Structure formats: C-alpha cells, structure tokens
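Asker: I am attaching a structure below and will ask some questions about it afterwards.
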Protein chains: 2
Amino acid sequence: MPLDAIELPRSRLSPPDSLAHLFSSDRYERVSHALGKAYRDVVRGMRGQFDHPPDLVAHPTDEQELEAVLAWASGGGIAVIPYGGGTSVVGGIEPRLAGEEYPGAVTVDLRRLDRVLEVDSMSGAARIQGGAVGPSLEDQLREHDLTLRHFPQSFEFSTLGGWIATRAGGHFATLETHIDDLVESVRAITPSGAWASRRLPGSGAGPSPDRMLLGSEGILGIITEAWVRVRARPRWKASCGVAFDGFDQGVNAVRELSQSGLHPSNCRLLDPVEAEVTHAGPPGKALLVLGFESAHHPIDPTMGTALEVAREAGGAPGEVRSTGTPEPRRGAPHEDRPAQGEAGSDPVGSWRHAFLAAPYLRDTLVCLGVLTDTFETAITWDRFEAFHAHVTDAARRSIAEVCGVVPDGPGSPRLSCRFTHVYPDGPAPYYTVLAPAWRGGEVEQWDEIKAAVSEAVIEAGGTITHHHAVGRDHRPWYDQQRPDPFAVALRAAKAAVDPSAILNPGVLVDP
Amino acid sequence: MPLDAIELPRSRLSPPDSLAHLFSSDRYERVSHALGKAYRDVVRGMRGQFDHPPDLVAHPTDEQELEAVLAWASGGGIAVIPYGGGTSVVGGIEPRLAGEEYPGAVTVDLRRLDRVLEVDSMSGAARIQGGAVGPSLEDQLREHDLTLRHFPQSFEFSTLGGWIATRAGGHFATLETHIDDLVESVRAITPSGAWASRRLPGSGAGPSPDRMLLGSEGILGIITEAWVRVRARPRWKASCGVAFDGFDQGVNAVRELSQSGLHPSNCRLLDPVEAEVTHAGPPGKALLVLGFESAHHPIDPTMGTALEVAREAGGAPGEVRSTGTPEPRRGAPHEDRPAQGEAGSDPVGSWRHAFLAAPYLRDTLVCLGVLTDTFETAITWDRFEAFHAHVTDAARRSIAEVCGVVPDGPGSPRLSCRFTHVYPDGPAPYYTVLAPAWRGGEVEQWDEIKAAVSEAVIEAGGTITHHHAVGRDHRPWYDQQRPDPFAVALRAAKAAVDPSAILNPGVLVDP
C-alpha cells in the first residue's frame, strides 16, 4: 500500500520550539515506527492498518538530547516508547496505550547511538552504544579482531540496547544463551537520572542492578550503552548433522550432551517436520545440528566425544565439517552469518540458511495466504515429553478449529518443533506454525491460536517466552507466570524511577 | 567466658500465648544468635560483648509457622532477622537496628527446614529447604548419587537459603562461580505472601524474579526452599600445582586460561605470601592450583592443554594428580571436602587443607593476639595491576599505622592475595591480613583497616564484595557503588512487599 493511501490518525503532540529539532511527525517516520515484526504486524502493515502510530518520533544523537526528550515527556505525562530495531514480535514497541490517560506517544528511536566507544582487548570487553545494530557493531569490533558472537534471528536489524531490554537469545546453544551472559555493565537513562553499573567481571553486592534492567523492556529506563564481553574470532570450528529415527531419540542425545559439560556452541535439534521444511535432514528423520568452536584450541576431539554420545543414543552422524586456521584472519567477513540466499549443500548449511531466511520468507508467505508464526518456551527435561504432547495437541486442535482444516487431511497445517537452546536441566523448544489463512481474518486467526497455545504452555508449567520477551501481547500469561510479590515489587520499582509512568506503558506492568 | 557471666540486655518482647511455642528467649539461644563470624564477631564474642542480641529466637518447622511469626512481627512492627548458619562476616545477621523505631527483634532460625524434598534425576535438579546446611544436603543428595558441589568456606555450617540470600561463592573457579548459577527456582515467604518462581531451565520473561531474591539478604522475604541444579558426582579429576617466579606471570597465565574456554573447575592463583603461609608452594613462588573434573569423560587432555598455557606463561607444573573411576562410586563420602586436620602431602592438598582449616585456625589466632581477617573483590583484567597496587598499598599503610608496625620490619604484618574465582573479563582477588593486634582494641583496629581498604577498593573501581555480601558492615561503600536509580527501585520494591519494614532492617537499604 502506498504511504499516502494509509489512513493515519492526526498527530496529537507538538513539541516546544526549543526541542522541535529532535522530533519528527513525518508520515513515513510515524508509519514505520507503528508496528513490530510479528505475523500480526506484517499482516496489519500489508492491510495499511496502523491504528496506533506514535504522534512523534525522536532520534536523539546523545544522552543530553535523550534526557531533554524524557524531561519534556515526563512534564506532560506523554508516553515514551523506546525503539531499537523495531523487531519485537510481542507488541513491545507498538504505541497501544492502556486507557486514554496519555495525551499522546513519542517513539524514541536510538539508531543514532550506534558506535563502539571503547575496546578493552585485554579483558575482552567493549563499550557499545544501545542503538548499534548487529552488523554495525560486529563491523566495528572486527577492526580489533574481536566479536560479540550474539546472532539472534533479527541480527541484521536489532540493537544491543534492544537485546538487553528483551533478554535476547543468541548464537550459543549452551552457556551464554542470552545476551544476559555477555553483559558486563549497563547504562540507562531513567526519568530519575542515569542508572549506570560498574564494570565488574562478577559481584555479589546485593541483587544485580544489571539483572533488573535485563528484561525490563523499556519500562525502567532507556539503555544508552553497555560494556559487553567480546572475544577473539573462532579459529577452529566443527559442525555435523546427526540424523535420528525419532524425535525422542534425539531428545535423549541432547539431554546427555547438555549435561556432559562439553558445551557445544550449536546443539539445535529439529523434529522431522522442521528438518523437512528446512530441507536439512533426510525425510522422516529428526536432525541434530551439532557444532563446536574455539579461538584457543582445536575442538575435533570434543566433537568426537559428542558424536559418541549421539551414536549411543541411536544417531547417525553425517560428515564432520571442520575448519582450523593457523592464525586468526584479519578483517575476514563474519562468515557465521552467510549472506541471504546463500544455501549450503550440507544439512547444517541448509538449516542455517533456512534459519536466516525465515523472517524474509515470511512476508512472501503472508502474501500467499499462509498463516505463519512461532512460539517458544522452556521446560525441564522431566516434564518435556508430557509438556510437548500437551502443547502440540492444543496447537493442532486450535489450528484445525480456527483454520477449518482436518489435522492430517489435504492442505493440513504444519506444526514443527526445534530446540534453540539447551540447559543441563531442560531444553528451550521453539514451535513453528504453517497453516492456510483466511484472507482478511489472519490477525484474529493467529490471535486465537496464540491464545490457545499460550494457555497450554502456562498450564503445563513452561515459560511464556524463552527469548521473545513479554511486550504487550504476552501479558495475560506472563501475569499468571510471575510470582505475585515480584509483580508488586516490580510495579513499585517502576513507579519509583518513573513517577509519571511515561515509559512503555502497558509492557510488563499496568501504568 | 561462661554463659552466665555474659551481661545481656533483658528481652523486650513476649509473644502471644498462641504463638509462645514458636519462640525462645533462652539465654543460650539469644547469645548464640547475636553475632556472625567475622573477626570482629569472634573478638566480641570472646570479650563477652553481646550488645544487640535478638529479643526472641524462633525456630519454625514449616511455612505456616514462619507465616505466623511474620504476621505477628508485621503487626507489632518488630524487626525480623532471617538466620541460616549464622556465618555472615558482614554483620548480616546481627540485630543492630538503625534508630530506635523497633520495639525489639526476632531472629528466625531456619535450621529445622533442612530436608531435600524432591529429586529429579532426569533434569539434574533437587528441591531443597532453605535451612539445610551443606553437609546435610550433600548427604541427602548422595543417596541419589548426586551432588550440588557448592562448597563455600563456610560449607559445614551455612545453609542453602543463606547462600541464595547472599549470593555465596562456591567450588567452581569458572562458570558456576556463585550459587546464582545453580538456582533453578526460589520460594520465599514475604509479608505479602509467597514469592515462588516456576521451575525453568531458562526464561526471558521480564527481569528474573530469582535474580531479585539472589542477593536480597533477607530484606524482601525468607527463602524456604529452592530447586537447584545438581549433577552426577565427578568420575574423573585431575589437579596440578604450577609454580611461577612472580605473581604477574601467574596472572598472565590465569587470564589466558579464563579466556580459553577450557573452564577449569579450580583455577586459584596464590601470591608468594599466600603460597608460603599455606605451605602450598616453594618459597618465594606464586602458585596456581589448577583442577579439572567431569562426571562424563576423561579430562587429562584438557589438563594437558591448560598446562601448555601455564608453561608458555613461564609456569613450572608439578606432578598431575589424576583419578578416574570406571563406574561412579555409590555412597562414597564427599572426598572433595577432606576432614578437618587431614593435610595432604602435595601442594594442591596443602592449599586445600589450609583453605578448609582457615576459619577454625582463626579462633586460635585471635587468642594469640593476631589480627586476622580478609576482604575480597573483583575487577577487570585491564585494571587489575593498578588496582592491586593501589589496594595493597592502602592496606599496608593502614595496617602499619593502625598496628604501629614497620611494613617490612620485625613482626611485620602479612598481606596476601589469591584469586578465588576468575572470569573471561577479570579475576576475583581475595586478600588476607595477618598483623599484631592490640589487646582490647582489636575491633577498632580492624574496623579502621577495613575502612581504608574498602575506600581503596571502591576508588579503584572494584566491587565492595564478590561473595561475602553487603550486610550492615559494607553499607557505606555499597551505597557508593550501586546506581542511584537502582537504590531508589530497590527501596520501593522492599517497601511494597514489606510495608512494615520488619525484614532485616539496615541491610542493603535503610528502613
């Protein structure tokens, strides 16, 4: 839909002259900051349905400008939506305000705070601004032969500040699964001043201030910079696809691997549907995508031990693809993120290609009338089997009902599962839905399915999200999941640092 | 001093008849819950100086009794001091109340909540009550051939709930350095009800509720149980002492090891003074105590790679002591904690013996007029050298001034340093002071030295504590260290869940 054809509510706000240069009420700016990147966002965008655009968009270039924006908003009780890459799939950056208490909403886009400010090669740490997107911060780190190696699926567009605010999940399947584990200190601007922790490799002084900002989703402050743990680029890498006759066998192998202390960097288990859809595995088989990497020492022996585990659990390993460079390559492009459209001929490469292409493919699927979205969670190993059965059953029944298709008939929907991250005590299962959509009813269809699976996830003891955050869309289930006194504590903490309740209203807590 | 000779303030509280059976105002109970285990506590205990005993001590046997105690205390505005093993070295359990707003104080001793309630062998997790002390919970886990492997120096007396409340540091020198990393979910009783998180291997749903209780030091609630990550007992172990001509060389080796991804379970670097005092190393040398362990696969190759790193940094490895059992031994005693007094003949064993005996030896040293205490912190690698120089200089000058001794003269004080835990981005240095005490002035002497080194630690960018917690004694420096808006948030959170401000007043925040 052409920009001019979009019906957009009139902007309700005008900034004072002294701050006018910080804001834009431009049509393109307002439209492009109105929605995230969930299926329901893509559909609404294609329909030209932008019901809650921000009234203004601010692009601060430094903390002083950000503080000025916040001071003006606090004074007027204006809602402020912190915005990194806009890749939220949970309504986290959509200015849907609870009630009518706000005279309007300003989206604060951090993209101009995009620099690596300082590099400490000795400690393996870098001070990076909150608005730096993945490729930009990796490019800047590469000049120092360092890498953050945090590659969420949204890598190309999402920002460090957004990752920290939403506890994004990244590259590593074990150990440093979330950005949480790579954060050394955080600096955020709150309506009550700067919240800046010390650079410390570890501390036991009270509850961690960083862990309170991690996952705060913009309700406590706007993250302007962080010291993060970076590392030398890997010199040795090995990957292998392991086929299993059934998903259960793969689950057993992954459980042992997760408890082995081998710490694979990649340990993604795809169920047979997922393996087939991504052209990664032989038909009807589950596929384990296993990988190790090191900047310090060869990892082939470790891969050997891991493959023994997989074989004993009934797996059939394919060829091990292994690379080792005698010296770190200066200025080599980040080879772990192949360019879009570059498909590998090996199973691991095929899966990686599918993983990277998925968000792009989705727009096409929407046009073709295919309902496609995902949901993800985590659960302990002892409950996984029953949990998986309960959740997939609820999903299948809901999809059948909502889409009017027979579960195993022609045009039947596809529900697939993979593990994105694994812990010694359990996996993080990630489900993908593909089903026929009803033109014009896509959002309502997905919302109904999403509600059914969310209900099932919470009933069966899981988390409403392992790494997609809560935003506005997960609230009903998040509210059931979190401990009540914690909710009381969080609301009080928010009210104390943001007394005008301007920061991201409706996210995590009610204003 | 005999119990009867101690001058004890009269108990100011009497519980209602209906709750009388839960409380004791017994002299022994009040005296034994009046002080922690810092040097200043041992000295005051020997002097018979118990200025702030609790008025009552409660020993709840279940959550209902605990809730009854909290309800009565909330109603009367009575201070409540949560008490695990009483091993705080920072005044965390001492009923020193800020101001006179409290009619009295009740210490709530959790020791009767000491059971392992549930074991999930498949996920490697156990539900354990907050009052279980180290040996008791390990004994109960051993029946399932499992272990928590969290061995703080206070292991014999301290409790799981205490470890969680204070973010205790444990056995592992890398990866799972704090109890934080072993916690799957926590349950605490607050004045506003039960704060109970879900059992999840990982989650990204808002700020972590567990991370808010971790380090809360009893100001938000009393931890009654937790699911923790347990594991199979190690089948392969290897340890080796590596001597370095200078501390600096050892530091370089440890830095590379910490960034190697080899993840040693033990990686304690002792400076020459520490090595000599513990009879662990050859005279004048720094000693690296290096260890690997696995329940899954042999670790000799990993030790080999680590020793290459140490050699390249100028280290001289001793003999590798390596054990591997073909099958896990059922019911074997926990061999990692040798019995008191059992000294090994090897350097690693000598250090381990000294580590374990230190808290016991201290009481004797106090009697002999030796001032002895410790302080500990963490700092990034890039700042370590200057930090260490600044802190040791401040400590030496203060000790010389306070103890009236010439730094390098006869009867000169000893200041030693070791790394207890190491991270890719920096070490956690731990300093031990041995100096001549002035009979009668020991507490004041130590307080003056402690203030000087705390000032130096904070000035130079460190944390006031890596794993000894904040309590009452670290408050002035903790308040400087934490971000101001975080302090605002924490105070508000505490006020919301504990509106009568009864829980551990003066710890972390002011009442």
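FYI, nothing fancy with the structure tokens labels: chains A, B, ... in order, residues from 1 per chain, ligands from 1 as they appear.
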Select, as a ChimeraX atom specification, those residues of chain A with any atom no more than 6 Å from chain B (distances computed using only C-alpha atoms).

Answerer: /A:122-124,167,195-197,200-201,203-207,212,214-216,260,296,379-382,425-426,465-467,469-470,483,485,489,492-493,496

Asker: Please produce a file of the residues just selected, as a compact mmCIF listing (two decimals), in the first residue's frame, where the atoms kept are C-alpha atoms.

Answerer:
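What landed in again-v3.txt:
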# COMPACT_ATOMS: atom_id res chain seq x y z
CA MET A 122 42.95 -7.40 27.47
CA SER A 123 39.70 -8.10 29.33
CA GLY A 124 37.76 -8.94 26.19
CA ARG A 167 16.91 -10.64 27.12
CA TRP A 195 21.32 4.11 36.04
CA ALA A 196 24.93 3.07 35.47
CA SER A 197 26.53 0.00 36.97
CA LEU A 200 32.76 -5.84 37.06
CA PRO A 201 33.53 -9.38 35.91
CA SER A 203 29.92 -9.29 42.01
CA GLY A 204 27.88 -10.37 45.00
CA ALA A 205 26.89 -6.92 46.25
CA GLY A 206 23.12 -7.11 46.61
CA PRO A 207 20.73 -8.07 43.83
CA MET A 212 16.98 -5.74 36.84
CA LEU A 214 17.88 -7.13 31.62
CA GLY A 215 14.32 -7.88 30.58
CA SER A 216 12.95 -4.53 31.74
CA SER A 260 28.04 -33.61 29.69
CA HIS A 296 42.03 -21.12 21.57
CA ILE A 379 10.73 -26.62 30.35
CA THR A 380 12.72 -29.06 32.46
CA TRP A 381 13.68 -32.45 30.99
CA ASP A 382 11.47 -34.49 33.35
CA ASP A 425 18.07 -29.07 33.31
CA GLY A 426 15.98 -28.70 30.17
CA THR A 465 8.80 -16.83 26.48
CA HIS A 466 12.37 -18.04 26.48
CA HIS A 467 13.75 -15.18 24.38
CA ALA A 469 10.11 -11.10 25.56
CA VAL A 470 6.70 -10.19 27.03
CA PRO A 483 5.29 -14.58 41.45
CA PRO A 485 5.05 -10.39 45.32
CA ALA A 489 7.95 -5.24 43.76
CA ALA A 492 6.78 -0.27 42.92
CA ALA A 493 10.28 -0.14 41.45
CA ALA A 496 9.76 4.99 41.91

Asker: Would you mind writing down, as a list in words, each residue of region 238-304 of chain B that DSSP on the backbone assigns to alpha helix (DSSP H)?

Answerer: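 Output for region 238-304 of chain B, alpha helix (DSSP H) only: Phe247, Asp248, Gln249, Gly250, Val251, Asn252, Ala253, Val254, Arg255, Glu256, Leu257, Ser258, Pro272, Val273, Glu274, Ala275, Glu276, Val277, Asp300, Pro301, Thr302, Met303 and Gly304 of chain B.
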
Asker: Output the selection as a PDB file, in the first residue's frame - C-alpha atoms for each residue.

Answerer:
ATOM      1  CA  PHE B 247      52.617 -13.178  40.711  1.00  0.00           C
ATOM      2  CA  ASP B 248      52.468 -11.220  37.430  1.00  0.00           C
ATOM      3  CA  GLN B 249      53.405 -14.290  35.398  1.00  0.00           C
ATOM      4  CA  GLY B 250      50.712 -16.279  37.154  1.00  0.00           C
ATOM      5  CA  VAL B 251      48.210 -13.521  36.445  1.00  0.00           C
ATOM      6  CA  ASN B 252      49.011 -13.707  32.734  1.00  0.00           C
ATOM      7  CA  ALA B 253      48.552 -17.472  32.728  1.00  0.00           C
ATOM      8  CA  VAL B 254      45.244 -17.254  34.562  1.00  0.00           C
ATOM      9  CA  ARG B 255      43.991 -14.547  32.227  1.00  0.00           C
ATOM     10  CA  GLU B 256      44.641 -16.722  29.199  1.00  0.00           C
ATOM     11  CA  LEU B 257      43.076 -19.746  30.915  1.00  0.00           C
ATOM     12  CA  SER B 258      39.992 -17.727  31.836  1.00  0.00           C
ATOM     13  CA  PRO B 272      54.058 -15.892  47.065  1.00  0.00           C
ATOM     14  CA  VAL B 273      52.953 -14.794  50.562  1.00  0.00           C
ATOM     15  CA  GLU B 274      49.716 -16.780  50.402  1.00  0.00           C
ATOM     16  CA  ALA B 275      51.551 -19.805  48.998  1.00  0.00           C
ATOM     17  CA  GLU B 276      54.063 -19.659  51.822  1.00  0.00           C
ATOM     18  CA  VAL B 277      51.515 -19.102  54.601  1.00  0.00           C
ATOM     19  CA  ASP B 300      43.522 -35.409  31.088  1.00  0.00           C
ATOM     20  CA  PRO B 301      43.718 -33.925  27.558  1.00  0.00           C
ATOM     21  CA  THR B 302      42.095 -30.728  28.814  1.00  0.00           C
ATOM     22  CA  MET B 303      44.546 -30.541  31.684  1.00  0.00           C
ATOM     23  CA  GLY B 304      47.316 -31.032  29.133  1.00  0.00           C
TER      24      GLY B 304
END

Asker: Could you list, as a list in words, every residue within 8 Å of Ala34 (chain A), counting only C-alpha atoms and ignoring same-chain residues fewer than 5 positions away?

Answerer: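 What passes the distance filter is Phe50, His52, Pro53, Pro54, Ile93, Glu94 and Pro95 of chain A.
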
Asker: Residues at most 9 Å from Ala238 (chain B), counting only C-alpha atoms, excluding those fewer than 2 positions away in the same chain, as a PyMOL selection string?

Answerer: chain B and resi 236+240+290-293+299-300+303+320-324

Asker: Could you please take those selected residues and save C-alpha atoms as a PDB file, in the first residue's frame?

Answerer:
ATOM      1  CA  TRP B 236      37.453 -38.027  36.506  1.00  0.00           C
ATOM      2  CA  CYS B 240      48.194 -29.809  39.449  1.00  0.00           C
ATOM      3  CA  LEU B 290      44.649 -25.922  38.700  1.00  0.00           C
ATOM      4  CA  GLY B 291      41.941 -28.570  38.533  1.00  0.00           C
ATOM      5  CA  PHE B 292      39.524 -30.193  36.119  1.00  0.00           C
ATOM      6  CA  GLU B 293      36.693 -32.601  36.823  1.00  0.00           C
ATOM      7  CA  ILE B 299      39.792 -34.677  31.373  1.00  0.00           C
ATOM      8  CA  ASP B 300      43.522 -35.409  31.088  1.00  0.00           C
ATOM      9  CA  MET B 303      44.546 -30.541  31.684  1.00  0.00           C
ATOM     10  CA  VAL B 320      49.477 -34.034  37.805  1.00  0.00           C
ATOM     11  CA  ARG B 321      47.354 -35.970  40.274  1.00  0.00           C
ATOM     12  CA  SER B 322      44.673 -37.642  38.300  1.00  0.00           C
ATOM     13  CA  THR B 323      41.894 -40.035  39.263  1.00  0.00           C
ATOM     14  CA  GLY B 324      39.391 -41.785  37.073  1.00  0.00           C
TER      15      GLY B 324
END

Asker: Would you list the contacts of Asp271 (chain B) as a PDB file with N, CA and C atoms, in the first residue's frame, taking every protein, DNA or RNA residue within 8 Å and counting only C-alpha atoms, but skipping same-chain residues closer than 5 positions in sequence?

Answerer:
ATOM      1  N   GLY B 246      56.950 -15.085  39.589  1.00  0.00           N
ATOM      2  CA  GLY B 246      56.286 -13.892  40.108  1.00  0.00           C
ATOM      3  C   GLY B 246      54.784 -14.007  39.964  1.00  0.00           C
ATOM      4  N   PHE B 247      54.073 -13.202  40.756  1.00  0.00           N
ATOM      5  CA  PHE B 247      52.617 -13.178  40.711  1.00  0.00           C
ATOM      6  C   PHE B 247      52.158 -12.747  39.319  1.00  0.00           C
ATOM      7  N   LYS B 285      57.649 -18.336  45.486  1.00  0.00           N
ATOM      8  CA  LYS B 285      56.960 -18.520  44.200  1.00  0.00           C
ATOM      9  C   LYS B 285      55.457 -18.295  44.353  1.00  0.00           C
ATOM     10  N   ALA B 286      54.853 -17.841  43.284  1.00  0.00           N
ATOM     11  CA  ALA B 286      53.393 -17.842  43.220  1.00  0.00           C
ATOM     12  C   ALA B 286      52.943 -19.238  42.796  1.00  0.00           C
ATOM     13  N   LEU B 287      51.775 -19.642  43.231  1.00  0.00           N
ATOM     14  CA  LEU B 287      51.300 -20.994  42.910  1.00  0.00           C
ATOM     15  C   LEU B 287      49.911 -20.955  42.299  1.00  0.00           C
ATOM     16  N   SER B 416      48.347 -11.000  52.016  1.00  0.00           N
ATOM     17  CA  SER B 416      48.490 -11.923  50.891  1.00  0.00           C
ATOM     18  C   SER B 416      47.253 -11.856  50.010  1.00  0.00           C
ATOM     19  N   CYS B 417      47.413 -12.358  48.799  1.00  0.00           N
ATOM     20  CA  CYS B 417      46.329 -12.294  47.817  1.00  0.00           C
ATOM     21  C   CYS B 417      46.213 -13.612  47.074  1.00  0.00           C
ATOM     22  N   ARG B 418      44.998 -14.024  46.846  1.00  0.00           N
ATOM     23  CA  ARG B 418      44.759 -15.141  45.928  1.00  0.00           C
ATOM     24  C   ARG B 418      43.552 -14.799  45.059  1.00  0.00           C
TER      25      ARG B 418
END

Asker: Determine, counting only C-alpha atoms, which protein, DNA and RNA residues have an atom within 6 Å of an atom of region 313-318 of chain A; residues of the same chain fewer than 4 positions away are not included. Present the result as JSON, numbers by chain.

Answerer: {"A": [241, 242, 243, 244, 253]}

Asker: Got a sec: who's within 7 Å of region 6-20 of chain B, counting only C-alpha atoms, leaving out chain neighbours fewer than 3 positions off, as a PDB file with N, CA and C atoms, in the first residue's frame?

Answerer:
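As written to disk, selection-v1.pdb reads:
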ATOM      1  N   LEU B   3      28.569 -18.746  80.000  1.00  0.00           N
ATOM      2  CA  LEU B   3      27.314 -18.158  79.535  1.00  0.00           C
ATOM      3  C   LEU B   3      26.686 -17.247  80.592  1.00  0.00           C
ATOM      4  N   PHE B  23       8.700 -19.574  69.932  1.00  0.00           N
ATOM      5  CA  PHE B  23       9.782 -18.651  70.300  1.00  0.00           C
ATOM      6  C   PHE B  23      10.544 -19.129  71.526  1.00  0.00           C
ATOM      7  N   SER B  25      13.252 -17.276  74.517  1.00  0.00           N
ATOM      8  CA  SER B  25      14.035 -16.131  74.988  1.00  0.00           C
ATOM      9  C   SER B  25      15.189 -16.638  75.851  1.00  0.00           C
ATOM     10  N   GLY B  48      32.848 -11.365  75.541  1.00  0.00           N
ATOM     11  CA  GLY B  48      31.533 -11.423  76.182  1.00  0.00           C
ATOM     12  C   GLY B  48      30.686 -10.212  75.855  1.00  0.00           C
ATOM     13  N   PHE B  50      27.973  -8.756  73.884  1.00  0.00           N
ATOM     14  CA  PHE B  50      26.810  -9.064  73.045  1.00  0.00           C
ATOM     15  C   PHE B  50      25.803  -7.931  73.205  1.00  0.00           C
ATOM     16  N   ASP B  55      15.766 -10.337  70.814  1.00  0.00           N
ATOM     17  CA  ASP B  55      14.930 -10.480  71.998  1.00  0.00           C
ATOM     18  C   ASP B  55      14.324 -11.870  72.074  1.00  0.00           C
ATOM     19  N   LEU B  56      14.050 -12.411  70.902  1.00  0.00           N
ATOM     20  CA  LEU B  56      13.490 -13.761  70.824  1.00  0.00           C
ATOM     21  C   LEU B  56      14.144 -14.485  69.652  1.00  0.00           C
ATOM     22  N   GLY B 104      11.679  -4.257  69.241  1.00  0.00           N
ATOM     23  CA  GLY B 104      12.540  -5.406  69.520  1.00  0.00           C
ATOM     24  C   GLY B 104      12.811  -6.178  68.248  1.00  0.00           C
TER      25      GLY B 104
END

Asker: Separation of CA of Ala394 (chain B) and CA of Asp41 (chain B), in Å?

Answerer: 23.8 Å

Asker: Using only C-alpha atoms, which of A:Ala38, A:Ala451, A:Ala5, A:Leu368 sits nearest Val391 (chain A)?

Answerer: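 So, comparing all the options, the nearest one is A:Ala451.
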
Asker: One decimal, in Å: what's the spacing between CA of Ile78 (chain B) and CA of Trp477 (chain B)?

Answerer: 27.4 Å

Asker: In Å to one decimal, how far is CA of Phe157 (chain B) from CA of Gly45 (chain B)?

Answerer: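 Between these atoms lies a distance of 17.7 Å.
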
Asker: Quick one: of A:Glu459, A:Glu225, A:Glu101, A:Asp393, who's nearest to Glu63 (chain A), counting only C-alpha atoms?

Answerer: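 Looking only at the distances to Glu63 (chain A), the closest residue turns out to be A:Glu225.
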